[in-house]
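Trainee: The structure follows.
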Amino acid sequence: MSENKRPIIIIKKKGGHAAHHGGAWKVAYADFVTAMMALFMVLWLMNSSSKIQKAVGGYFKDPTGTSKKVGSSQSGTGENIPIRKEDMKDLKDVLVRNMRKQLNDFEKIKNQIDMTVTAEGLRIELLESAKGTFFESGRSDPSADGKDMLNVLAQTLGTLPNKISLEGHTDSQPFPPGAVYTNWELSADRANAARRLMQVEGIRADQISQVRGYADQRLRKPANPQDPSNRRITVIVQYIPNTEAEDEKEEAAAKAAEGKGGEHGEGKSEHGEAKEHGKPAEEKPTAAKHE
């Protein structure tokens with residue numbers, strides 16, 4: 001009998017936690033922390049410079065950046081800020097950084113790039129060398145280095161609302177006698193070739209204001225008319241003109257300055273007259289005295 005008995009096994013199951021003790025609250029808490037971090041980031045940015053404030057504000061008003069060209073670029077990157085005269089040096093630094101990052105041969109060609117802040121805007125001159133750097137000798141098609149350089153310029157300048165003009169220049173080396181194609185055509189064709197390529201790479205069609213061909217009439221080195229650096233393409237980032245409000249502000253400041261100067265001048269005049277009236281009569285010059 002004892003051999004036929006089987007042991008009795010009792011299995012006890014532990015009760016599980018209630019459903020309301022799940023991990024869903026962790027997801028909600030993570031979302032809350034993320035939202036708070038984004039809020040603090042925006043508050044910190046809005047406490048920065050006015051340009052940053054415009055960029056951030058413009059992005060939230062128009063994330064795609066297509067309705068207005070203030071505060072954000074077409075891709076919504078927040079880079080489409082008007083560049084005025086006081087900002088041109090900063091733009092120059094940005095262009096140099098982008099060139100270093102994107103151009104493999106930048107160290108070799110950096111001496112052929114000259115950027116200058118002028119009364120018209122930021123002049124970016126791409127200078128030729130004896131072997132040809134950005135254009136092949138006598139041709140209007142950009143070289144490989146020329147295409148790469150114009151691509152970088154277009155991608156950076158295309159995010160700005162500023163107008164852009166292009167100039168073509170040559171040296172004084174004439175074409176063979178009897179040639180129909182001259183330095184005038186070459187300078188204009190090179191400027192137009194640069195325009196076409198830059199428009200493909202990011203410059204807007206309405207952003208180009210002028211395309212000029214000067215031939216050898218504006219030599220970079222007049223003392224050496226055939227120097228290779230006289231052959232160049234110039235990209236000019238023009239200043240944003242002042243708004244009516246800024247013009248009125250400048251005019252009011254000018255008038256205020258004139259008013260102060262006028263008051264000061266009148267004070268002098270009155271003071272001078274008082275002295276003159278205070279002089280004894282005999283001290284005033286008369287015809288009798290001069291005789």
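Starting from 1 in every chain, residues are counted up; chains themselves are A, B, ... following the order of the structure tokens, and ligands are numbered from 1 as listed.
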Show me, as a ChimeraX atom specification, the residues that have an atom within 12 Å of Asp148 of chain A when counting only C-alpha atoms, minus same-chain residues fewer than 4 positions from it.
Mentor: /A:98-106,109,133-135,142-144,152-155,194,197-198,201
Trainee: Nearest to Glu125 of chain A among A:Leu43, A:Ile83, A:Val237, A:Val27, with distances taken over only C-alpha atoms: which residue is it?
Mentor: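 For Glu125 of chain A, the nearest of the candidates is A:Val237.
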Trainee: I'd like to know which residues of segment 60-249 of chain A are helix (DSSP H, G or I) (by DSSP, run on the backbone); could you write them as an mmCIF file with N, CA and C atoms, in the first residue's frame?
Mentor:
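Resulting contents of states_33.cif:
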```
data_model
loop_
_atom_site.group_PDB
_atom_site.id
_atom_site.type_symbol
_atom_site.label_atom_id
_atom_site.label_comp_id
_atom_site.auth_asym_id
_atom_site.auth_seq_id
_atom_site.Cartn_x
_atom_site.Cartn_y
_atom_site.Cartn_z
ATOM 1 N N PHE A 60 9.908 79.855 -34.698
ATOM 2 C CA PHE A 60 8.648 79.405 -34.106
ATOM 3 C C PHE A 60 7.448 80.003 -34.820
ATOM 4 N N LYS A 61 7.608 81.186 -35.415
ATOM 5 C CA LYS A 61 6.515 81.765 -36.184
ATOM 6 C C LYS A 61 6.345 81.062 -37.524
ATOM 7 N N LYS A 85 26.026 96.511 -42.328
ATOM 8 C CA LYS A 85 27.436 96.880 -42.394
ATOM 9 C C LYS A 85 28.218 96.389 -41.194
ATOM 10 N N GLU A 86 27.611 96.483 -40.008
ATOM 11 C CA GLU A 86 28.318 96.079 -38.798
ATOM 12 C C GLU A 86 28.461 94.559 -38.670
ATOM 13 N N ASP A 87 27.738 93.798 -39.527
ATOM 14 C CA ASP A 87 27.789 92.337 -39.447
ATOM 15 C C ASP A 87 28.707 91.707 -40.496
ATOM 16 N N MET A 88 29.253 92.517 -41.397
ATOM 17 C CA MET A 88 30.013 91.967 -42.518
ATOM 18 C C MET A 88 31.268 91.215 -42.070
ATOM 19 N N LYS A 89 31.911 91.662 -41.008
ATOM 20 C CA LYS A 89 33.100 90.966 -40.521
ATOM 21 C C LYS A 89 32.736 89.579 -39.996
ATOM 22 N N ASP A 90 31.571 89.473 -39.350
ATOM 23 C CA ASP A 90 31.112 88.173 -38.875
ATOM 24 C C ASP A 90 30.819 87.244 -40.047
ATOM 25 N N LEU A 91 30.208 87.777 -41.104
ATOM 26 C CA LEU A 91 29.936 86.976 -42.297
ATOM 27 C C LEU A 91 31.233 86.482 -42.927
ATOM 28 N N LYS A 92 32.224 87.333 -42.945
ATOM 29 C CA LYS A 92 33.536 86.946 -43.473
ATOM 30 C C LYS A 92 34.104 85.755 -42.704
ATOM 31 N N ASP A 93 34.016 85.791 -41.379
ATOM 32 C CA ASP A 93 34.519 84.692 -40.559
ATOM 33 C C ASP A 93 33.746 83.401 -40.835
ATOM 34 N N VAL A 94 32.431 83.509 -41.018
ATOM 35 C CA VAL A 94 31.609 82.327 -41.307
ATOM 36 C C VAL A 94 32.010 81.717 -42.641
ATOM 37 N N LEU A 95 32.239 82.547 -43.642
ATOM 38 C CA LEU A 95 32.633 82.044 -44.958
ATOM 39 C C LEU A 95 33.972 81.317 -44.896
ATOM 40 N N VAL A 96 34.928 81.882 -44.172
ATOM 41 C CA VAL A 96 36.243 81.230 -44.056
ATOM 42 C C VAL A 96 36.113 79.886 -43.363
ATOM 43 N N ARG A 97 35.306 79.805 -42.313
ATOM 44 C CA ARG A 97 35.113 78.519 -41.617
ATOM 45 C C ARG A 97 34.486 77.479 -42.544
ATOM 46 N N ASN A 98 33.480 77.901 -43.311
ATOM 47 C CA ASN A 98 32.831 76.967 -44.230
ATOM 48 C C ASN A 98 33.781 76.495 -45.322
ATOM 49 N N MET A 99 34.637 77.398 -45.792
ATOM 50 C CA MET A 99 35.619 77.013 -46.808
ATOM 51 C C MET A 99 36.602 75.985 -46.261
ATOM 52 N N ARG A 100 37.051 76.185 -45.049
ATOM 53 C CA ARG A 100 37.988 75.231 -44.433
ATOM 54 C C ARG A 100 37.361 73.848 -44.283
ATOM 55 N N LYS A 101 36.076 73.822 -43.953
ATOM 56 C CA LYS A 101 35.407 72.544 -43.740
ATOM 57 C C LYS A 101 35.138 71.812 -45.051
ATOM 58 N N GLN A 102 34.751 72.547 -46.085
ATOM 59 C CA GLN A 102 34.230 71.917 -47.289
ATOM 60 C C GLN A 102 35.227 71.823 -48.442
ATOM 61 N N PHE A 106 41.803 73.959 -49.604
ATOM 62 C CA PHE A 106 41.690 75.350 -49.147
ATOM 63 C C PHE A 106 43.047 75.955 -48.840
ATOM 64 N N GLU A 107 43.941 75.212 -48.202
ATOM 65 C CA GLU A 107 45.253 75.752 -47.838
ATOM 66 C C GLU A 107 46.059 76.134 -49.074
ATOM 67 N N LYS A 108 45.823 75.457 -50.188
ATOM 68 C CA LYS A 108 46.567 75.757 -51.416
ATOM 69 C C LYS A 108 46.033 77.000 -52.117
ATOM 70 N N ILE A 109 44.741 77.239 -51.982
ATOM 71 C CA ILE A 109 44.139 78.343 -52.737
ATOM 72 C C ILE A 109 43.723 79.528 -51.856
ATOM 73 N N LYS A 110 43.990 79.457 -50.559
ATOM 74 C CA LYS A 110 43.522 80.520 -49.665
ATOM 75 C C LYS A 110 44.137 81.876 -50.008
ATOM 76 N N ASN A 111 45.360 81.870 -50.566
ATOM 77 C CA ASN A 111 45.984 83.145 -50.940
ATOM 78 C C ASN A 111 45.349 83.761 -52.183
ATOM 79 N N GLN A 112 44.496 82.978 -52.869
ATOM 80 C CA GLN A 112 43.810 83.485 -54.067
ATOM 81 C C GLN A 112 42.417 84.017 -53.720
ATOM 82 N N ALA A 144 37.571 72.939 -61.619
ATOM 83 C CA ALA A 144 37.057 72.152 -60.497
ATOM 84 C C ALA A 144 37.121 72.953 -59.199
ATOM 85 N N ASP A 145 38.247 73.640 -58.967
ATOM 86 C CA ASP A 145 38.360 74.479 -57.767
ATOM 87 C C ASP A 145 37.373 75.637 -57.800
ATOM 88 N N GLY A 146 37.163 76.182 -58.994
ATOM 89 C CA GLY A 146 36.211 77.280 -59.125
ATOM 90 C C GLY A 146 34.791 76.836 -58.808
ATOM 91 N N LYS A 147 34.411 75.660 -59.286
ATOM 92 C CA LYS A 147 33.065 75.143 -58.986
ATOM 93 C C LYS A 147 32.885 74.891 -57.501
ATOM 94 N N ASP A 148 33.892 74.278 -56.880
ATOM 95 C CA ASP A 148 33.795 74.000 -55.441
ATOM 96 C C ASP A 148 33.674 75.296 -54.638
ATOM 97 N N MET A 149 34.469 76.291 -55.020
ATOM 98 C CA MET A 149 34.436 77.562 -54.298
ATOM 99 C C MET A 149 33.084 78.255 -54.458
ATOM 100 N N LEU A 150 32.572 78.295 -55.666
ATOM 101 C CA LEU A 150 31.282 78.945 -55.911
ATOM 102 C C LEU A 150 30.144 78.194 -55.221
ATOM 103 N N ASN A 151 30.277 76.872 -55.115
ATOM 104 C CA ASN A 151 29.266 76.086 -54.395
ATOM 105 C C ASN A 151 29.203 76.495 -52.926
ATOM 106 N N VAL A 152 30.369 76.614 -52.295
ATOM 107 C CA VAL A 152 30.412 76.993 -50.882
ATOM 108 C C VAL A 152 29.814 78.385 -50.689
ATOM 109 N N LEU A 153 30.185 79.317 -51.555
ATOM 110 C CA LEU A 153 29.646 80.672 -51.453
ATOM 111 C C LEU A 153 28.131 80.677 -51.629
ATOM 112 N N ALA A 154 27.638 79.915 -52.594
ATOM 113 C CA ALA A 154 26.203 79.899 -52.863
ATOM 114 C C ALA A 154 25.420 79.311 -51.694
ATOM 115 N N GLN A 155 25.929 78.240 -51.113
ATOM 116 C CA GLN A 155 25.229 77.587 -50.004
ATOM 117 C C GLN A 155 25.162 78.496 -48.780
ATOM 118 N N THR A 156 26.197 79.293 -48.560
ATOM 119 C CA THR A 156 26.198 80.201 -47.409
ATOM 120 C C THR A 156 25.408 81.467 -47.686
ATOM 121 N N LEU A 157 25.660 82.105 -48.811
ATOM 122 C CA LEU A 157 25.014 83.377 -49.123
ATOM 123 C C LEU A 157 23.550 83.201 -49.486
ATOM 124 N N ASN A 183 38.322 90.674 -74.335
ATOM 125 C CA ASN A 183 38.274 90.650 -72.868
ATOM 126 C C ASN A 183 36.919 91.110 -72.324
ATOM 127 N N TRP A 184 36.214 91.913 -73.095
ATOM 128 C CA TRP A 184 34.881 92.325 -72.667
ATOM 129 C C TRP A 184 33.945 91.122 -72.588
ATOM 130 N N GLU A 185 33.932 90.338 -73.639
ATOM 131 C CA GLU A 185 33.082 89.144 -73.636
ATOM 132 C C GLU A 185 33.529 88.142 -72.571
ATOM 133 N N LEU A 186 34.848 87.983 -72.420
ATOM 134 C CA LEU A 186 35.360 87.012 -71.455
ATOM 135 C C LEU A 186 34.967 87.398 -70.028
ATOM 136 N N SER A 187 35.123 88.665 -69.671
ATOM 137 C CA SER A 187 34.793 89.087 -68.303
ATOM 138 C C SER A 187 33.305 88.927 -68.020
ATOM 139 N N ALA A 188 32.471 89.299 -68.990
ATOM 140 C CA ALA A 188 31.023 89.161 -68.797
ATOM 141 C C ALA A 188 30.605 87.696 -68.754
ATOM 142 N N ASP A 189 31.196 86.864 -69.613
ATOM 143 C CA ASP A 189 30.844 85.445 -69.652
ATOM 144 C C ASP A 189 31.249 84.738 -68.366
ATOM 145 N N ARG A 190 32.383 85.092 -67.791
ATOM 146 C CA ARG A 190 32.802 84.470 -66.532
ATOM 147 C C ARG A 190 31.869 84.856 -65.389
ATOM 148 N N ALA A 191 31.470 86.119 -65.355
ATOM 149 C CA ALA A 191 30.532 86.552 -64.316
ATOM 150 C C ALA A 191 29.190 85.842 -64.459
ATOM 151 N N ASN A 192 28.738 85.666 -65.699
ATOM 152 C CA ASN A 192 27.475 84.971 -65.937
ATOM 153 C C ASN A 192 27.581 83.486 -65.628
ATOM 154 N N ALA A 193 28.739 82.888 -65.924
ATOM 155 C CA ALA A 193 28.942 81.477 -65.592
ATOM 156 C C ALA A 193 28.900 81.267 -64.087
ATOM 157 N N ALA A 194 29.499 82.189 -63.334
ATOM 158 C CA ALA A 194 29.449 82.120 -61.871
ATOM 159 C C ALA A 194 28.018 82.282 -61.377
ATOM 160 N N ARG A 195 27.272 83.180 -61.996
ATOM 161 C CA ARG A 195 25.874 83.376 -61.599
ATOM 162 C C ARG A 195 25.054 82.108 -61.815
ATOM 163 N N ARG A 196 25.181 81.491 -62.974
ATOM 164 C CA ARG A 196 24.396 80.287 -63.272
ATOM 165 C C ARG A 196 24.700 79.176 -62.276
ATOM 166 N N LEU A 197 25.974 78.962 -61.998
ATOM 167 C CA LEU A 197 26.351 77.890 -61.079
ATOM 168 C C LEU A 197 25.862 78.177 -59.666
ATOM 169 N N MET A 198 25.987 79.411 -59.206
ATOM 170 C CA MET A 198 25.571 79.761 -57.846
ATOM 171 C C MET A 198 24.057 79.669 -57.683
ATOM 172 N N GLN A 199 23.312 79.961 -58.736
ATOM 173 C CA GLN A 199 21.862 79.844 -58.652
ATOM 174 C C GLN A 199 21.431 78.385 -58.546
ATOM 175 N N VAL A 200 22.173 77.499 -59.159
ATOM 176 C CA VAL A 200 21.877 76.071 -59.037
ATOM 177 C C VAL A 200 22.148 75.579 -57.622
ATOM 178 N N GLU A 201 23.169 76.153 -56.975
ATOM 179 C CA GLU A 201 23.624 75.657 -55.675
ATOM 180 C C GLU A 201 23.014 76.369 -54.470
ATOM 181 N N ALA A 205 16.974 83.351 -57.556
ATOM 182 C CA ALA A 205 16.996 84.120 -58.804
ATOM 183 C C ALA A 205 16.816 85.606 -58.549
ATOM 184 N N ASP A 206 15.956 85.964 -57.564
ATOM 185 C CA ASP A 206 15.725 87.374 -57.270
ATOM 186 C C ASP A 206 16.785 87.968 -56.372
ATOM 187 N N GLN A 207 17.783 87.163 -55.990
ATOM 188 C CA GLN A 207 18.842 87.655 -55.103
ATOM 189 C C GLN A 207 19.945 88.344 -55.895
ATOM 190 N N PRO A 228 48.530 88.136 -63.273
ATOM 191 C CA PRO A 228 47.413 87.178 -63.236
ATOM 192 C C PRO A 228 46.309 87.551 -62.262
ATOM 193 N N SER A 229 46.644 88.231 -61.152
ATOM 194 C CA SER A 229 45.623 88.575 -60.160
ATOM 195 C C SER A 229 44.616 89.599 -60.676
ATOM 196 N N ASN A 230 44.932 90.266 -61.800
ATOM 197 C CA ASN A 230 43.954 91.158 -62.412
ATOM 198 C C ASN A 230 42.778 90.372 -62.977
ATOM 199 N N GLU A 244 12.456 102.718 -43.240
ATOM 200 C CA GLU A 244 11.975 104.089 -43.042
ATOM 201 C C GLU A 244 12.144 104.516 -41.579
ATOM 202 N N ALA A 245 11.885 103.570 -40.681
ATOM 203 C CA ALA A 245 12.019 103.906 -39.257
ATOM 204 C C ALA A 245 13.460 104.257 -38.916
ATOM 205 N N GLU A 246 14.408 103.498 -39.492
ATOM 206 C CA GLU A 246 15.822 103.777 -39.224
ATOM 207 C C GLU A 246 16.230 105.101 -39.837
ATOM 208 N N ASP A 247 15.713 105.384 -41.037
ATOM 209 C CA ASP A 247 16.017 106.672 -41.673
ATOM 210 C C ASP A 247 15.486 107.833 -40.837
ATOM 211 N N GLU A 248 14.248 107.678 -40.324
ATOM 212 C CA GLU A 248 13.672 108.735 -39.496
ATOM 213 C C GLU A 248 14.471 108.917 -38.213
ATOM 214 N N LYS A 249 14.939 107.796 -37.650
ATOM 215 C CA LYS A 249 15.733 107.873 -36.420
ATOM 216 C C LYS A 249 17.045 108.609 -36.672
#
```
Trainee: Given only C-alpha atoms as the basis, pick out the residue of A:Tyr214, A:Gln226, A:Val33, A:Tyr239 nearest to Ala130 of chain A.
Mentor: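 Answer, going by the shortest atom-to-atom distance: A:Gln226.
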Trainee: Using only C-alpha atoms, can you tell me which of A:Ile9, A:Ile113, A:Ile208, A:Ile203 comes closest to Arg232 of chain A?
Mentor: A:Ile113
Trainee: May I have all residues of segment 91-205 of chain A that DSSP, computed from the backbone, assigns to strand (DSSP E), given as a VMD selection string?
Mentor: chain A and resid 113 to 117 121 to 127 164 to 169
Trainee: Which is closest to Ser129 of chain A among A:Arg218, A:Met36, A:Thr170, A:Tyr181, if we use only C-alpha atoms?
Mentor: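 When distances to Ser129 of chain A are compared using only C-alpha atoms, the smallest one comes from A:Thr170.
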